[in-house]
Each structure stands twice: as structure tokens, then as C-alpha cells.
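K.L.:
Before I ask anything, let me first share the structure, which is written out below as C-alpha cells.
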Amino acid sequence: MWKILKIAQREYLDVVKTKTFILSILFTPAIIGIVIFVSGRTQRSVTGPRPPREVAVADLTNQLTDEIKDSFEQHNESNPQRQILLQELLSDTSSDEPIKQKVRDGQLNAYFVLDKDSVEGTGKIQSFTRSTKIIDLDLISNVENLLNSAIFNRRCKLKDVSQELLAQIGELRRQVPSEIIDIGSASEQKRINKGEQIAKTMASFFFMFMMFMGIFGMGQHMLTSVIEEKNSRVIEVLLSAVSPFELMTGKILGLAGISLTVMSLWSAAAIGSAYYGAAHWWNITLELPIGILPYFVIYFILGFIMFSSFLAGIGSICNTIKESQSLMMPISIIFILPMVAWFHLAQQPDGPLARVLSFVPPLTPIVMTLRLAASRDISFLEIFASIILLAVFVPIVMWLAAKVFRTGILMYGKRPGPREVLRWLKQS
Amino acid sequence: MEAVVLENVCKSFGEVHAVDKLNVQVPAGSVYGFLGPNGAGKTTTIRMIMNIIQPDSGQIKIFDDGAITQAKARIGYMPEERGLYRKMKVGKVLAYFGAIKGLSASKLNFRVPQWLQRLDLAGWTNKKVEELSRGMHQKLQFAVMAINEPDLLILDEPFSGLDPVNQDLLTDIICRMRDEGRTILFSTHVMHEAERLCDFILLINKGKAVLDGKLDEIRSRYKSGVVSVELEGDTSFIRTLPMVKTAETQGRRIEISLSEKADTQDLLKALVGRVRVKAFEVKMPSLHEIFVRLVHASQYIGRDNVEDS
């Protein structure tokens, strides 16, 4: 046991002390921080004041001049921070080339043409813009609404609908405000706004991503470490002092330590800045599932041991990282599966797909993390069963990996084929 | 008592019999040399002793109690392929291997500087392994092997790549460790290294033992019957002596080749009184000569016995 700890310690320090590692540790939270900061800023700019937009309209119906002007005025009165200025109102398109040129030059944000029979018949609104920026789509739909309300008003006038009736209809059409209330815990009812809903989904993704990075991303160190020892021929000296199993176990422990270090640092940085951002910018209360953290730790440890044992086996039969990558391909595809399906899984944490994937041992840690973060309703029985399944599966993987490792680590030259590896597995 | 015993050990790689029915007894407290040309099976044998590869058949016993797994703490091994963690510092590497060999921190504090001192590496303690020259790397590898002061040292080609000064340094350390009662088993294809160090040798060729035993006995068994003398006076009578086959003048010395069954003492008696004997040396065959003779013999066996004449 002492030897295993010594090996783990060296493995840990070997990686942790390198400059690239320290940089990557600092770099990732910095990026997370910047993303949160910038998104907080842009959030404010979406609701904050914006320079007025300038448009031109060609009204081919020749009967909407007043209504259109009224619509724009009303809009600008009620949205002083989101003004849309009607720079020109034409009555035909014969001389609109200079207008289009202004749109191309960026002097106008957009130019709209209202078809001749828009009021009575099936004419349509054409919008001319320079480039379709997201902000412009926003503008276009706004102007379309304004033009539609102008047409609506004109139609009402033609049908002699009185202004009073119109006001009454407007009053009758007012929207009923809504709110979502979380009754997850019986004692406490909580209002959720949209931001919190999004934050909750993102949090479940974050936890899953951390699990994925912690197991899959950090596990790669195993390959590097094994192949390096193999190439530098240090392995024979090591094996004169320790058994292959001790060596492999020590490596897994050391790398798990590294991964835990990274995970805690990143999580602390991400959760800290998320709380800060939530409180200062988004005006939402974040509720992170702290209660299920112990499960995450269990899933992480089991998942890490499983995956890194597997990689130790792979690494031991390869001479270069390149060689190992071709063997890694199928594994990577399996692991990326829950990442691809994450939205579906987060939306339906109790759905059949989520349930089935939870009991595919290599995927259990990632899928279960996502489900636990997305829903409070995962039955304890299911959690328990998945942990037991993993706990049975992990020693089997370790045992098989140790068999391959024992022989592979001392083989140089050509990579052994599947048949040979199978033979090693059969050896006692 | 035997430190290592091999009984009928065989190992094949595909069609090639790397080691073929090898029997070895390494007496405790001796320096034992595995000699042989490249590809003779020395490294394979050592790797089997170290349990790195398993023999196809036969038995290997270490310290009489069988498996190496129990004996690991008492063994130091220096493989043929040298390798250490390149990015680690010299002192740290040595301490790490000491630790995984089960040495306590207090022992390490004492032994790491001590061994670096012994191998002339003290100034390099805080340098990275990759900064060492090949020879220094090799000495560090030796220190890694020796840090737990093992009872049995297994060294695969320990001298390759060392300059004469460092070869002497290593030889001194090995001799001292032998004097402390440790057993040293090493392989080499350089015969004079073996001659300088070994109490016992095993000559291997193509996986088979060609010759083994005490070095002194082997040399006297294969003595060539050549005496080198330096004489003062008229030496022309020598060729007429009955036990002399040929006599050749080589500078100031005369190389006298004796006929079979002749005793060197009779030659000395015949010389004393007639000339002044300034030097009289019974020439022992070098291992090199013995080796070449035996290997050639086994290679040409069945064709003719020209080499034995």
C-alpha cells in the first residue's frame, strides 16, 4: 500500500508541477469568468438604451400615410430607449434606388415596401436589409408589427369601427401575465422566472460537462504517462521494485487526485462566478443541487477508476500516442453519446433513454450526473442500483486491464493484435 | 548456499530457442558473470530471473525460497535498456526509487547523498536527468539499483558506455559490495571485464551453456602450455630440451610452447643453472581465447576439429 501511495504521489506531482498544467488550471476558470462577465454585460445591453434605428418605407397602397406615421410615433413614445425613426415615406418604388443605396451604405438600417393591395387583398411586406444581423431581425419584426397595426387601423376605419370600440377591443385583448411556481419541496413554494429555468438547464449541463472532462479529459494523462514510461524504458526498473498491479493502481490513484484537484478548482471558480453573476446581473436566484454532491463524488471516483484502468490497458500495448489514438476512437464515440443527447436527457431526465443509458456502465457516471442535476425526482433505488452496478463493473475492468497491462507494458515493437490480447486475458 | 538457481530453464520466441535447458547455480557472496556474444540469451535469462518474462519450462529459485515476488526488496536490478524519468531531478529520482523499494524517509535522507557521492554525482543532485551525459545517466542508474543496498545485484551490461575511469569506479563499488557479502550477477560480452571481476562464470552461446564454473579452475583447465621467459646467457639449448615443442623469440622474451603432459616446473628446473632467469611466466589463456575456442568448436562441430589442435 505504501508503494502504491508513493507511485500515486509521484504521478500527481509529475503532472501538477508542469507549467502547462498550471496554465491550463488558471486558463479555464479565466475563460469561464470572462464568458459569464461578457454575457452579463450583453444581457444588460439587450435591456438597456440603444441608439435609434432608421428605416424607410414605400407605401404603394397610397392610403396608409397617416396610420404609418401614427404607429411609429406611438411606438417611439412607449419605447423611448428603442426608437425606430421613419426617415422617408415614399409612395412608389420608381425612385427608390438612392434609398436602397443608403441601406447598402449603412445610412439606413432597413427599407420596407408595402404591396399595393395590402389593405384589401393579399399583398405582402418586403424588407430590404444590408446584412441579416440578429439585431436586424429584431428590427424587421418590430417594423412589420408597426406596419400591420397601421393596416389594421386602416381596415377598421374602412369598416367604420369606432375608436371607442377599438380601445375596448384593445383592452379585451390584453395578455394575462404568467408565472411558474416550483413545488419541488412541500414546505416551500418558489417562483421561477425564465432566467432561472435556463440557469437550471445550464447547471445540469455544467455538472455533466465537469464529469465528462474529469473522467474523459483527465484520463488522457494515463495514456501519456504509461507510454512515456514504456518508451523511456523506466518500466523494467519500476517492475523490479513493484508489481505491475501496484504500478497501475498507483497511477490511477495519482491521476484521480489530479483530476479531483482540477475539478474542485474549476467548480469553485464556475460556481462562484455563477452566483456572482446571478446576483449582480441576471436578477435570478441560483439553486445548485449541493445535496447530491456526494453522489457526484462517488460516480466520479468509480468512473475515473474504470476509464483510467481501461486506458492503462490501451496505453500498455501501444508504443506511441498516435497508435493509441486509433484504439481510442470507438471509446470516444461511446463517451460523446451523452454529450450529444444532453438536451434531450436534461429535458426528460426520467425518460426511457436516460434510464437505459444510466445502466450502461461506461456512461453511468455522466448520465446519472446530468439526471441528478436536472431533476429531483430520480428515485433513490435507481441511484443505488446504478452505483452497485458500477461498483461491480469497475473491479472487473481493473482486473482485465491489469492482465493486459502486465504483459503489454514490457512488449516493444509491433502492437499486439486483438487475438494476442485475448490470449493474455485468458492467462491466469 | 545459492543465491540464484536455474533448473532446466527454457524459453523460445517463436522458432528461436533463446534459452535452452539452462542450469545455473550462483553461490551467495560471489561475483558471477554471464558471458556470451550478442544474442546469446544473457538478457533473456536475466529477465526471467527478474520475472519480467516467464520461462516456458524449468524452475528459477532465488534465495532458496522460490518466487522473486517475496525477494524483490532484497534485489537490485539494472536493466540493459537504461531509462529514468527524464524530467525529474537526479536526487528526486533516486529518492523515489528508494521509496518504492520500501526505504524509510530517514534512511533516504542519508543514503541518497551517500550514493550520489560514491558515484561522483553529488554536484548533479538538483539537475534534471535529461541534462546528464550518457555515462552519468548510467551511474545514476547504478545508484538506483543499489539504493536499497540489496543482497543480490543483477546487472545487465553494467559497463557498456562507461569510460575507463568510471569503469574502475564501478568495479571498485562492485568489489566492495561483494566484500560486504552481497551476491553480484552480471552479464557482459566484454571478456576482460569478466576476468577482472568474476569468481564464477557462465559462458552462453545460442541459449546453451558452453562452460561454467570457477574462473581460476577454468583457466587452468584451458591453460595453453605456453611459458614466457626472459633469460640472460646463451639460450640456444632451449629448442633441444625434450619438453619443448617450439620456442620463439619475441623481443627480449622467449615464448616457449611445451609439449603435451609436460610440466612447467621441469622447464624451470632445466633452465636454472644454465642461464639466469629474470622472468618466468606461465601464460594463462584469456577468457577471450577460451571463449573463441569453445564457440568456434561448437560452431564447427561435426565438420572437423581443426581448432583443437
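To be explicit about the labels: the chains of the C-alpha cells are called A, B, and onward in the order shown, and within each one the residues are counted from 1, while ligands get numbers from 1 in the order they are shown.
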Could you pull the residues within 10 Å of A:Met202, counting only C-alpha atoms, minus those fewer than 6 positions along the same chain, as a list in words?

P.N.:
Glu196, Met208, Phe343, Ala346, Ala373 and Ala374 of chain A

K.L.:
Kindly provide, as a PyMOL selection string, the residues of chain A having any atom no farther than 9 Å from an atom of chain B, counting only C-alpha atoms.

P.N.:
chain A and resi 2-4+6-7+10+14+228-229+231-243+407+410

K.L.:
Would you work out the distance separating atom CA of B:Leu258 from atom CA of B:Val227, expressed in Å to one decimal?

P.N.:
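That distance, rounded to one decimal, is 7.7 Å.
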
K.L.:
Go through A:Ser259, A:Ser273, A:Thr201, A:Thr320 one by one, measure the shortest atom-to-atom distance of each to A:Gly303 using only C-alpha atoms, and give the residue with the smallest value.

P.N.:
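Residue with the minimum atom-to-atom distance to A:Gly303: A:Ser259.
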
K.L.:
Show which residues sit within 6 Å of stretch 183-199 of chain B, as an NGL selection string. Count only C-alpha atoms, and ignore same-chain residues fewer than 5 positions away.

P.N.:
:B and (28-37 or 152-157 or 214-215 or 287-288)

K.L.:
Residues near B:Gly58, anyone? I mean within 6 Å using only C-alpha atoms, not counting same-chain ones fewer than 3 positions away, as an MDAnalysis selection string.

P.N.:
chainID B and resid 7:9

K.L.:
To one decimal place, how far is atom CA of B:Leu203 from atom CA of B:Val5 in Å?

P.N.:
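These two atoms are separated by 15.9 Å.
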
K.L.:
Skipping near chain neighbours, those fewer than 4 positions away, what residues fall within 12 Å of B:Gly225 using only C-alpha atoms, listed as a list of chain:residue names?

P.N.:
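Counting only the stated atoms, we get B:Arg219, B:Ser220, B:Arg221, B:Met243, B:Val244, B:Lys245, B:Thr246, B:Ala247, B:Glu255, B:Ile256, B:Ser257, B:Leu258, B:Ser259, B:Glu260, B:Lys261, B:Ala262, B:Asp263, B:Thr264, B:Gln265, B:Leu267, B:Glu281, B:Val282, B:Lys283, B:Met284, B:Pro285.
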
K.L.:
Running DSSP on the backbone, which parts of stretch 122-262 of chain B land in strand (DSSP E or B), as a ChimeraX atom specification?

P.N.:
/B:128,152-156,183-188,200-205,208-214,226-232,244-250,253-258

K.L.:
Please provide the set of residues having any atom within 9 Å of B:Ala143, restricted to only C-alpha atoms, with same-chain residues fewer than 6 positions apart removed, written as a ChimeraX atom specification.

P.N.:
/B:94,112,115-116,118-119
